[in-house]
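Participant: Enclosed is the structure file protein.cif (mmCIF, C-alpha atoms and all ligand atoms).
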```
data_coords
#
loop_
_atom_site.label_atom_id
_atom_site.label_comp_id
_atom_site.auth_asym_id
_atom_site.auth_seq_id
_atom_site.Cartn_x
_atom_site.Cartn_y
_atom_site.Cartn_z
CA MET A 410 7.24 7.90 1.05
CA LYS A 411 5.10 4.89 1.96
CA SER A 412 7.73 2.32 2.87
CA ASN A 413 5.63 -0.27 4.70
CA VAL A 414 5.37 -3.70 3.16
CA CYS A 415 2.02 -5.46 3.15
CA VAL A 416 2.42 -9.22 3.22
CA ASP A 417 -0.53 -9.56 0.80
CA ALA A 418 0.67 -6.94 -1.73
CA GLY A 419 0.67 -8.36 -5.25
CA SER A 420 -1.02 -11.60 -4.14
CA ILE A 421 -4.44 -12.87 -5.24
CA TYR A 422 -5.84 -11.11 -2.14
CA CYS A 423 -4.70 -7.66 -3.34
CA PRO A 424 -6.25 -5.09 -3.62
CA CYS A 425 -8.29 -5.74 -0.48
CA HIS A 426 -10.91 -3.90 1.60
CA LEU A 427 -8.24 -1.38 2.63
CA ALA A 428 -8.13 -0.10 -0.97
CA GLU A 429 -11.87 0.61 -0.89
CA THR A 430 -11.61 2.58 2.33
CA LYS A 431 -8.41 4.39 1.24
CA ASP A 432 -6.35 2.71 3.94
CA CYS A 433 -4.01 0.67 1.72
CA ILE A 434 -0.74 -0.12 3.51
CA VAL A 435 1.42 0.17 0.38
CA CYS A 436 -0.23 2.46 -2.21
CA SER A 437 -0.40 6.20 -1.43
CA HIS A 438 -3.29 6.75 -3.91
CA LEU A 439 -5.28 3.99 -2.22
CA GLY A 440 -4.15 5.36 1.11
CA GLY A 441 -5.99 8.63 0.50
CA ASP A 442 -3.26 10.78 -1.10
CA GLU A 443 -3.53 12.58 -4.45
CA PHE A 444 -0.06 11.52 -5.56
CA CYS A 445 1.96 8.36 -6.14
CA ASP A 446 4.54 7.92 -3.41
CA CYS A 447 5.25 4.26 -2.74
CA ASN A 448 8.30 2.07 -3.19
CA TRP A 449 6.36 -1.06 -4.17
CA GLN A 450 8.18 -2.78 -7.03
CA GLY A 451 5.47 -5.20 -8.13
CA VAL A 452 2.47 -4.67 -10.42
CA CYS A 453 0.80 -1.32 -9.58
CA ILE A 454 -1.94 -1.95 -7.01
CA TYR A 455 -3.75 1.29 -7.93
CA GLN A 456 -3.92 0.37 -11.63
CA ASN A 457 -5.21 -3.08 -10.76
CA PHE A 458 -7.92 -1.57 -8.61
CA ILE A 459 -8.99 0.93 -11.31
CA LYS A 460 -8.88 -1.68 -14.10
CA ASN A 461 -11.04 -3.89 -11.94
CA ASN A 462 -13.73 -1.16 -11.74
CA GLU A 463 -12.64 -0.32 -8.20
CA ARG A 464 -13.54 -3.77 -7.00
CA ILE A 465 -11.37 -5.67 -4.57
CA ASN A 466 -9.87 -9.03 -5.36
CA GLU A 467 -11.16 -12.31 -4.03
CA LEU A 468 -11.51 -12.79 -0.29
CA ARG A 469 -10.36 -15.70 1.78
CA LYS A 470 -13.22 -18.10 2.35
CA ASP A 471 -14.22 -20.41 5.18
CA VAL A 472 -13.75 -24.08 4.34
CA LEU A 473 -15.35 -26.76 6.50
CA CYS A 474 -12.68 -29.38 7.25
CA ASN A 475 -12.60 -32.72 9.00
CA ILE A 476 -10.43 -33.22 12.09
CA LYS A 477 -8.71 -36.54 11.43
CA SER A 478 -7.22 -36.88 14.89
CA LYS A 479 -6.90 -35.02 18.17
CA ILE A 480 -4.25 -36.08 20.69
CA GLU A 481 -3.52 -34.48 24.05
CA ILE A 482 0.28 -34.09 23.99
CA ARG A 483 0.59 -32.19 27.30
CA GLU A 484 -1.97 -31.19 29.86
CA ASN A 485 -4.62 -29.22 27.93
CA ILE A 486 -2.40 -28.94 24.82
CA TYR A 487 -3.59 -30.82 21.75
CA LEU A 488 -2.15 -31.87 18.42
CA LEU A 489 -4.83 -31.68 15.72
CA GLU A 490 -4.47 -33.27 12.30
CA ILE A 491 -6.92 -31.76 9.83
CA GLU A 492 -7.81 -32.77 6.28
CA ILE A 493 -7.62 -29.65 4.11
CA PRO A 494 -8.00 -28.88 0.38
CA LYS A 495 -4.87 -29.29 -1.75
CA GLY A 496 -4.83 -25.62 -2.77
CA LEU A 497 -4.83 -24.45 0.83
CA ALA A 498 -2.19 -27.01 1.84
CA THR A 499 0.28 -25.68 -0.75
CA GLU A 500 -0.25 -22.13 0.58
CA LEU A 501 0.47 -23.05 4.20
CA ILE A 502 4.01 -24.36 3.79
CA HIS A 503 5.56 -20.90 4.03
CA PRO A 504 7.21 -19.50 7.18
CA GLY A 505 4.80 -17.39 9.21
CA SER A 506 1.64 -19.08 7.87
CA TYR A 507 -1.40 -19.07 10.10
CA ILE A 508 -5.13 -19.69 9.79
CA LEU A 509 -8.36 -18.63 11.48
CA LEU A 510 -10.38 -21.48 12.97
CA ARG A 511 -13.81 -21.88 14.53
CA GLY A 512 -16.13 -24.77 15.31
CA GLU A 513 -18.61 -26.02 12.72
CA ASN A 514 -21.62 -24.76 14.71
CA ARG A 515 -20.26 -21.26 15.12
CA LYS A 516 -21.51 -19.00 12.35
CA GLU A 517 -20.15 -15.76 13.80
CA GLU A 518 -16.59 -14.82 12.93
CA LYS A 519 -16.05 -13.55 16.48
CA PHE A 520 -15.28 -17.18 17.36
CA ASN A 521 -12.33 -17.28 14.93
CA SER A 522 -9.01 -18.14 16.61
CA PRO A 523 -5.71 -17.38 14.89
CA ILE A 524 -3.52 -20.48 15.02
CA SER A 525 0.01 -20.96 13.65
CA VAL A 526 0.67 -23.72 11.18
CA MET A 527 2.95 -26.39 12.61
CA SER A 528 3.38 -28.53 9.50
CA VAL A 529 1.66 -29.59 6.31
CA ASN A 530 1.91 -33.01 4.71
CA LEU A 531 1.47 -32.37 1.00
CA ASP A 532 1.16 -36.08 0.15
CA ASP A 533 -2.19 -36.42 1.88
CA ASN A 534 -3.02 -32.72 2.52
CA ILE A 535 -2.96 -32.98 6.29
CA LEU A 536 -2.46 -29.82 8.32
CA SER A 537 -1.00 -30.25 11.83
CA ILE A 538 -1.52 -27.59 14.48
CA ILE A 539 -1.10 -27.31 18.23
CA ILE A 540 -3.88 -25.77 20.33
CA GLU A 541 -3.87 -24.96 24.02
CA GLY A 542 -7.40 -24.80 25.41
CA ILE A 543 -7.11 -21.63 27.48
CA GLY A 544 -9.79 -19.15 26.40
CA PRO A 545 -13.45 -19.37 25.31
CA LYS A 546 -12.54 -19.60 21.63
CA THR A 547 -9.93 -22.35 21.85
CA LYS A 548 -11.94 -24.36 24.41
CA ASP A 549 -14.95 -24.19 22.08
CA LEU A 550 -12.85 -25.15 19.09
CA LEU A 551 -11.54 -28.28 20.75
CA LYS A 552 -15.05 -29.72 21.16
CA ASN A 553 -15.56 -30.13 17.40
CA LYS A 554 -15.09 -32.93 14.89
CA LYS A 555 -15.27 -30.49 11.97
CA ILE A 556 -14.02 -26.93 11.91
CA TYR A 557 -14.12 -23.92 9.61
CA ILE A 558 -10.70 -22.88 8.35
CA LYS A 559 -10.06 -19.49 6.80
CA GLY A 560 -6.72 -18.77 5.22
CA PRO A 561 -3.98 -18.66 4.22
CA TYR A 562 -2.63 -15.76 6.29
CA ALA A 563 1.05 -15.05 6.03
CA ASN A 564 2.21 -12.45 8.56
CA GLY A 565 3.00 -14.70 11.53
CA ILE A 566 6.66 -13.68 11.43
CA PHE A 567 8.37 -10.28 11.15
CA GLY A 568 11.53 -10.32 9.03
CA LEU A 569 10.23 -12.74 6.39
CA LYS A 570 12.51 -11.17 3.76
CA TYR A 571 15.56 -12.38 5.69
CA LEU A 572 14.24 -15.94 5.95
CA LYS A 573 13.47 -16.04 2.24
CA LYS A 574 16.72 -14.47 1.02
CA ILE A 575 19.41 -16.16 3.07
CA ARG A 576 21.50 -18.88 1.38
CA ASP A 577 24.57 -20.97 2.28
CA LYS A 578 24.90 -19.33 5.71
CA LYS A 579 24.82 -20.35 9.35
CA VAL A 580 21.47 -19.59 10.99
CA ILE A 581 20.69 -19.76 14.70
CA LEU A 582 17.12 -20.48 15.79
CA VAL A 583 16.04 -20.00 19.40
CA THR A 584 12.69 -20.87 20.88
CA ARG A 585 10.67 -21.24 24.02
CA GLY A 586 7.23 -22.77 24.57
CA LEU A 587 4.47 -23.21 22.00
CA SER A 588 6.13 -20.80 19.56
CA ALA A 589 8.38 -23.74 18.64
CA VAL A 590 5.64 -24.87 16.23
CA THR A 591 6.75 -22.14 13.82
CA LEU A 592 10.15 -23.81 13.43
CA ILE A 593 9.06 -26.54 11.00
CA ASN A 594 8.09 -24.25 8.11
CA VAL A 595 11.03 -21.98 8.91
CA CYS A 596 13.54 -24.86 8.86
CA ASN A 597 12.08 -26.21 5.60
CA GLN A 598 12.60 -22.82 3.98
CA LEU A 599 16.14 -22.37 5.34
CA LEU A 600 17.29 -25.90 4.49
CA LYS A 601 15.96 -25.52 0.93
CA ASN A 602 18.52 -22.74 0.52
CA ASN A 603 21.39 -24.81 1.87
CA ASN A 604 21.78 -23.01 5.19
CA GLU A 605 23.41 -24.62 8.23
CA LEU A 606 21.00 -24.58 11.18
CA GLU A 607 21.61 -24.72 14.91
CA ILE A 608 18.58 -24.68 17.20
CA PHE A 609 18.48 -23.72 20.88
CA ILE A 610 15.37 -24.71 22.84
CA ASP A 611 14.75 -23.22 26.28
CA LYS A 612 14.13 -26.16 28.60
CA ASN A 613 12.25 -23.85 31.02
CA GLY A 614 9.30 -23.43 28.63
CA LYS A 615 6.50 -25.87 27.79
CA ARG A 616 8.34 -28.21 25.48
CA ILE A 617 6.50 -29.45 22.41
CA LEU A 618 8.16 -32.82 21.94
CA ILE A 619 6.38 -33.57 18.66
CA VAL A 620 8.18 -30.57 17.12
CA GLU A 621 11.51 -31.66 18.58
CA LYS A 622 10.95 -35.18 17.22
CA MET A 623 10.24 -33.82 13.73
CA LEU A 624 13.30 -31.57 13.85
CA LYS A 625 15.51 -34.55 14.76
CA ASN A 626 14.79 -35.95 11.28
CA TYR A 627 16.22 -32.79 9.74
CA ASN A 628 19.87 -32.04 9.13
CA VAL A 629 20.05 -29.58 12.04
CA LYS A 630 21.88 -29.38 15.35
CA ILE A 631 19.55 -29.19 18.37
CA ASN A 632 20.54 -27.97 21.84
CA CYS A 633 18.12 -28.02 24.74
CA ILE A 634 19.52 -25.62 27.34
CA ASP A 635 18.57 -23.58 30.40
CA PHE A 636 18.24 -20.02 29.08
CA ASN A 637 18.48 -18.66 32.64
CA LYS A 638 21.99 -20.04 33.06
CA GLU A 639 23.43 -21.01 29.69
CA LEU A 640 22.82 -18.07 27.35
CA PHE A 641 26.60 -17.85 26.95
CA LEU A 642 26.37 -20.96 24.74
CA ILE A 643 24.24 -19.03 22.24
CA LYS A 644 26.52 -16.03 22.53
CA GLU A 645 29.57 -18.12 21.65
CA ASN A 646 27.78 -19.39 18.55
CA LEU A 647 26.74 -15.90 17.52
CA LYS A 648 30.42 -15.07 17.10
CA LYS A 649 30.81 -17.71 14.36
CA GLU A 650 29.76 -15.73 11.26
CA VAL A 651 26.04 -16.08 11.73
CA GLY A 652 23.92 -14.81 8.83
CA LEU A 653 20.54 -14.72 10.61
CA VAL A 654 18.88 -15.32 13.97
CA PHE A 655 15.26 -16.45 14.21
CA SER A 656 13.65 -16.02 17.62
CA ALA A 657 10.34 -17.79 18.32
CA GLY A 658 8.91 -16.91 21.70
CA SER A 659 7.02 -14.23 23.61
CA ASN A 660 7.83 -10.55 23.01
CA PHE A 661 9.81 -10.56 26.26
CA PHE A 662 11.79 -13.59 25.08
CA ASN A 663 12.39 -12.12 21.61
CA LYS A 664 13.56 -8.83 23.10
CA ASN A 665 16.07 -10.62 25.32
CA ILE A 666 17.37 -12.52 22.30
CA MET A 667 17.66 -9.26 20.33
CA ASN A 668 19.72 -7.75 23.16
CA LEU A 669 21.94 -10.83 23.23
CA VAL A 670 22.48 -10.69 19.46
CA ASP A 671 23.18 -6.95 19.60
CA GLU A 672 25.85 -7.48 22.26
CA VAL A 673 27.72 -9.53 19.67
CA ASP A 674 26.81 -7.77 16.41
CA LYS A 675 23.96 -5.34 15.73
CA ASN A 676 24.19 -6.13 12.01
CA ILE A 677 23.10 -9.76 12.26
CA PRO A 678 19.63 -9.84 10.67
CA LEU A 679 16.84 -10.88 13.02
CA ALA A 680 13.45 -12.50 12.38
CA ILE A 681 10.88 -12.95 15.16
CA THR A 682 7.43 -14.37 15.73
CA ASN A 683 4.56 -11.88 15.43
CA ASN A 684 2.81 -12.17 18.81
CA ASN A 685 0.23 -9.45 18.34
CA LEU A 686 -3.43 -9.92 19.03
CA ILE A 687 -4.97 -11.01 15.73
CA CYS A 688 -8.72 -10.91 15.21
CA CYS A 689 -9.85 -10.41 11.57
CA GLY A 690 -6.42 -10.88 9.92
CA GLU A 691 -7.57 -8.53 7.13
CA GLY A 692 -6.51 -5.12 8.44
CA ILE A 693 -10.09 -4.11 9.26
CA CYS A 694 -10.85 -4.51 12.97
CA GLY A 695 -7.78 -2.73 14.34
CA ALA A 696 -7.12 -5.30 17.10
CA CYS A 697 -3.53 -5.79 15.97
CA ILE A 698 -2.54 -2.11 15.60
CA VAL A 699 0.71 -0.99 17.21
CA ASN A 700 2.06 2.52 17.38
CA ILE A 701 5.54 2.95 15.96
CA LYS A 702 6.94 6.48 16.07
CA GLY A 703 3.41 7.91 15.90
CA GLU A 704 2.31 5.70 12.99
CA LYS A 705 -0.49 3.20 13.56
CA ILE A 706 0.53 -0.08 11.94
CA ARG A 707 -1.73 -3.06 11.27
CA THR A 708 0.49 -5.94 12.26
CA CYS A 709 -1.76 -8.66 10.81
CA LYS A 710 -0.67 -7.52 7.34
CA THR A 711 2.39 -5.29 7.70
CA GLN A 712 5.95 -6.56 7.78
CA ILE A 713 7.84 -4.58 10.41
CA GLU A 714 11.61 -4.58 10.84
CA PRO A 715 11.99 -6.82 13.94
CA ARG A 716 14.41 -4.55 15.83
CA ILE A 717 12.19 -1.51 15.24
CA TYR A 718 9.16 -3.47 16.45
CA LEU A 719 10.89 -4.71 19.61
CA LYS A 720 12.33 -1.29 20.46
CA GLU A 721 9.44 0.99 19.48
CA ALA A 722 6.18 -0.96 19.73
CA LEU A 723 6.95 -2.49 23.12
CA LYS A 724 8.01 0.69 24.92
S1 LIG A 801 -6.39 -8.32 13.10
FE1 LIG A 801 -7.98 -6.99 12.45
S2 LIG A 801 -6.85 -5.28 11.73
FE2 LIG A 801 -5.31 -6.72 12.14
#
```
Please express what this file holds, its structure, as structure tokens.
Facilitator:
Amino acid sequence: MKSNVCVDAGSIYCPCHLAETKDCIVCSHLGGDEFCDCNWQGVCIYQNFIKNNERINELRKDVLCNIKSKIEIRENIYLLEIEIPKGLATELIHPGSYILLRGENRKEEKFNSPISVMSVNLDDNILSIIIEGIGPKTKDLLKNKKIYIKGPYANGIFGLKYLKKIRDKKVILVTRGLSAVTLINVCNQLLKNNNELEIFIDKNGKRILIVEKMLKNYNVKINCIDFNKELFLIKENLKKEVGLVFSAGSNFFNKNIMNLVDEVDKNIPLAITNNNLICCGEGICGACIVNIKGEKIRTCKTQIEPRIYLKEALK
């Protein structure tokens, strides 16, 4: 049985190129089998593909956007505010949203950089992102006044189903470094469903104060602690009927948080940031593939159970 969940399944981007090449993540027919063996509960992807004369649905397009402002918020780390189309803005408010960016003079897609959405202001359609100029792509990107944006992409977090489903519960969010940018969309989603949020920020990482400032306007409790010495504070909180933990950090960080949660209760659902190398974002190039129990999984599109990912893919 094909049990993997493609984050694009049933969306306007489905069926995609993977249906044409018989590599569909969800549909067994479009994955090269002669029989139907999926547990997808939405509109049949195979039927859609056949009805559409075996053509794929629309592709994400590059949109040239204006950078409204660029501010250096830490050494070599910049906050960019970008004017984007309304339609794209409304798609980027979801947890785990990211985009591919490249400078206006770069025609080749090899210059695309995957960047997480920090926040979107729907009143004036301004997208805010944080970029650290560390590699050739991001350094190039930061020289521009206009940039190409391709999106929306949605698989920046594993465990999205937990973030979307949880209601009226206590949720603990832990973060370190630049991954903190993912907290804004996550908190918006969780607060919409009346959850009580407590955030722990590791003071040893690069702190993104703009995110902390935004979070202070939310109805959330924020603790900035030393994760090397004060993890017991999180552990104490985990014992108070927690319905979900969201961990936003490196794989090493997320794995440590998983171990901490499991020491208290292995049944507490976990969501984590997807830190895999993303290149095309469309399941084509293979840059993001991880091997889980012998199965090659495209992590730019596939939702993986966070504990399975942390235990199996990072062996
Ligand atoms: S990033 Fe290209 S296949 Fe996932």
Participant: Give me the residues near Cys697 in chain A as a JSON list (two decimals) with C-alpha atoms, keeping the file's coordinate frame, where near means some atom within 6 Å (using only C-alpha atoms) and where sequence neighbours in that chain fewer than 4 positions away do not count.
Facilitator:
```json
[["chain", "number", "residue", "atom", "x", "y", "z"],
["A", 685, "ASN", "CA", 0.23, -9.45, 18.34],
["A", 686, "LEU", "CA", -3.43, -9.92, 19.03],
["A", 687, "ILE", "CA", -4.97, -11.01, 15.73],
["A", 707, "ARG", "CA", -1.73, -3.06, 11.27],
["A", 708, "THR", "CA", 0.49, -5.94, 12.26]]
```
Participant: What does the list of residues within 8 Å of ligand LIG 801 (chain A) look like if you count only C-alpha atoms and all ligand atoms, written as a ChimeraX atom specification?
Facilitator: /A:686-698,707-710
Participant: Compile a residue-level contact table for range 451-523 of chain A against range 431-436 of chain A at a cut-off of 12 Å, reporting for every qualifying residue the shortest atom pair and its distance in Å to one decimal, with all atoms listed in the file counted, rows ordered by chain and ascending number, as a tab-separated table.
Facilitator:
```
residue	atom	partner	partner_atom	distance
A:Gly451	CA	A:Val435	CA	10.8
A:Val452	CA	A:Cys436	CA	11.2
A:Cys453	CA	A:Cys436	CA	8.3
A:Ile454	CA	A:Cys436	CA	6.7
A:Tyr455	CA	A:Cys436	CA	6.8
A:Gln456	CA	A:Cys436	CA	10.3
A:Asn457	CA	A:Cys436	CA	11.3
A:Phe458	CA	A:Cys436	CA	10.8
A:Glu463	CA	A:Lys431	CA	11.4
A:Ile465	CA	A:Cys433	CA	11.6
```
Participant: Store the residues of this selection in a file with C-alpha atoms, as a tab-separated table (two decimals), keeping the file's coordinate frame.
Facilitator:
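Produced file part-v2.tsv, reproduced below:
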```
chain	number	residue	atom	x	y	z
A	451	GLY	CA	5.47	-5.20	-8.13
A	452	VAL	CA	2.47	-4.67	-10.42
A	453	CYS	CA	0.80	-1.32	-9.58
A	454	ILE	CA	-1.94	-1.95	-7.01
A	455	TYR	CA	-3.75	1.29	-7.93
A	456	GLN	CA	-3.92	0.37	-11.63
A	457	ASN	CA	-5.21	-3.08	-10.76
A	458	PHE	CA	-7.92	-1.57	-8.61
A	463	GLU	CA	-12.64	-0.32	-8.20
A	465	ILE	CA	-11.37	-5.67	-4.57
```
Participant: Measuring atom to atom with only C-alpha atoms, identify which of A:Ile502, A:Ile539, A:Val416, A:Val472 is nearest to Arg616 in chain A.
Facilitator: A:Ile539
Participant: Name the residues in contact with Glu500 in chain A at a cut-off of 12 Å, using all atoms listed in the file, excluding same-chain residues fewer than 3 positions from it; report them as a short mmCIF file (atom, residue, chain, number, x, y, z; two decimals) with C-alpha atoms, keeping the file's coordinate frame.
Facilitator:
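Output saved as part-v4.cif:
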```
data_model
loop_
_atom_site.label_atom_id
_atom_site.label_comp_id
_atom_site.auth_asym_id
_atom_site.auth_seq_id
_atom_site.Cartn_x
_atom_site.Cartn_y
_atom_site.Cartn_z
CA SER A 420 -1.02 -11.60 -4.14
CA ILE A 421 -4.44 -12.87 -5.24
CA ILE A 493 -7.62 -29.65 4.11
CA PRO A 494 -8.00 -28.88 0.38
CA LYS A 495 -4.87 -29.29 -1.75
CA GLY A 496 -4.83 -25.62 -2.77
CA LEU A 497 -4.83 -24.45 0.83
CA HIS A 503 5.56 -20.90 4.03
CA PRO A 504 7.21 -19.50 7.18
CA GLY A 505 4.80 -17.39 9.21
CA SER A 506 1.64 -19.08 7.87
CA TYR A 507 -1.40 -19.07 10.10
CA ILE A 508 -5.13 -19.69 9.79
CA VAL A 526 0.67 -23.72 11.18
CA SER A 528 3.38 -28.53 9.50
CA VAL A 529 1.66 -29.59 6.31
CA ASN A 530 1.91 -33.01 4.71
CA LEU A 531 1.47 -32.37 1.00
CA ASN A 534 -3.02 -32.72 2.52
CA LEU A 536 -2.46 -29.82 8.32
CA LYS A 559 -10.06 -19.49 6.80
CA GLY A 560 -6.72 -18.77 5.22
CA PRO A 561 -3.98 -18.66 4.22
CA TYR A 562 -2.63 -15.76 6.29
CA ALA A 563 1.05 -15.05 6.03
CA ASN A 594 8.09 -24.25 8.11
#
```
Participant: For a quick check of understanding, using only C-alpha atoms, which of A:Glu541, A:Glu645, A:Asp442, A:Glu650 has the smallest distance to Lys578 in chain A?
Facilitator: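 So, comparing all the options, the nearest one is A:Glu650.
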Participant: Show which residues sit within 12 Å of Glu621 in chain A, as a PyMOL selection string. Count all atoms listed in the file, and ignore same-chain residues fewer than 4 positions away.
Facilitator: chain A and resi 527+584-587+589-593+608-612+615-617+625-627+629-633
Participant: Could you check which of A:Tyr718, A:Tyr557, A:Phe567, A:Tyr487 is closest to Ala657 in chain A, using all atoms listed in the file?
Facilitator: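 Using all atoms listed in the file, Ala657 in chain A sits closest to A:Phe567.
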Participant: With distances taken over only C-alpha atoms, which residue among A:Val699, A:Ser588, A:Leu653, A:Leu618 lies nearest Leu606 in chain A?
Facilitator: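 Closest to Leu606 in chain A of all the choices is A:Leu653.
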Participant: Work out how far CA of Phe520 in chain A is from CA of Pro545 in chain A, in Å to one decimal.
Facilitator: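 Taking CA of Pro545 in chain A and CA of Phe520 in chain A, their separation equals 8.4 Å.
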Participant: Just checking: using all atoms listed in the file, which residue out of A:Asp417, A:Arg464, A:Lys554, A:Ala498 ends up closest to Lys477 in chain A?
Facilitator: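 So, comparing all the options, the nearest one is A:Lys554.
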Participant: Please provide as a PyMOL selection string all residues within 9 Å of Lys479 in chain A, with the sequence filter that same-chain residues fewer than 4 positions apart are discarded (counting only C-alpha atoms).
Facilitator: chain A and resi 487-491+551
Participant: Counting only C-alpha atoms, which residues of range 484-576 of chain A sit at most 12 Å from some atom of range 674-678 of chain A, and what is each one's closest atom pair with its distance in Å to one decimal, listed by chain and rising residue number, as a tab-separated table?
Facilitator:
```
residue	atom	partner	partner_atom	distance
A:Phe567	CA	A:Pro678	CA	11.3
A:Gly568	CA	A:Pro678	CA	8.3
A:Leu569	CA	A:Pro678	CA	10.7
A:Lys570	CA	A:Pro678	CA	10.0
A:Tyr571	CA	A:Pro678	CA	6.9
A:Leu572	CA	A:Pro678	CA	9.4
A:Lys574	CA	A:Pro678	CA	11.1
A:Ile575	CA	A:Pro678	CA	9.9
```
Participant: In Å to one decimal, how far is CA of Gly703 in chain A from CA of Phe444 in chain A?
Facilitator: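 These atoms are spaced 22.0 Å apart.
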Participant: Between A:Ala680, A:Leu510, A:Lys664, A:Val670, which residue has the minimum interatomic distance to Leu723 in chain A, considering all atoms listed in the file?
Facilitator: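 Smallest separation from Leu723 in chain A among the options: A:Lys664.
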Participant: Work out how far apart CA of Gly440 in chain A and CA of Lys702 in chain A are and give it in Å to one decimal.
Facilitator: 18.7 Å
Participant: So that I can see what lies close to Leu647 in chain A, please list as a short mmCIF file (atom, residue, chain, number, x, y, z; two decimals) with C-alpha atoms, keeping the file's coordinate frame the residues with an atom at most 10 Å from it, counting all atoms listed in the file and leaving out residues fewer than 5 positions away in the same chain.
Facilitator:
```cif
data_model
loop_
_atom_site.label_atom_id
_atom_site.label_comp_id
_atom_site.auth_asym_id
_atom_site.auth_seq_id
_atom_site.Cartn_x
_atom_site.Cartn_y
_atom_site.Cartn_z
CA LYS A 579 24.82 -20.35 9.35
CA VAL A 580 21.47 -19.59 10.99
CA ILE A 581 20.69 -19.76 14.70
CA PHE A 641 26.60 -17.85 26.95
CA LEU A 642 26.37 -20.96 24.74
CA GLY A 652 23.92 -14.81 8.83
CA LEU A 653 20.54 -14.72 10.61
CA VAL A 654 18.88 -15.32 13.97
CA LEU A 669 21.94 -10.83 23.23
CA VAL A 670 22.48 -10.69 19.46
CA ASP A 671 23.18 -6.95 19.60
CA GLU A 672 25.85 -7.48 22.26
CA VAL A 673 27.72 -9.53 19.67
CA ASP A 674 26.81 -7.77 16.41
CA ILE A 677 23.10 -9.76 12.26
#
```
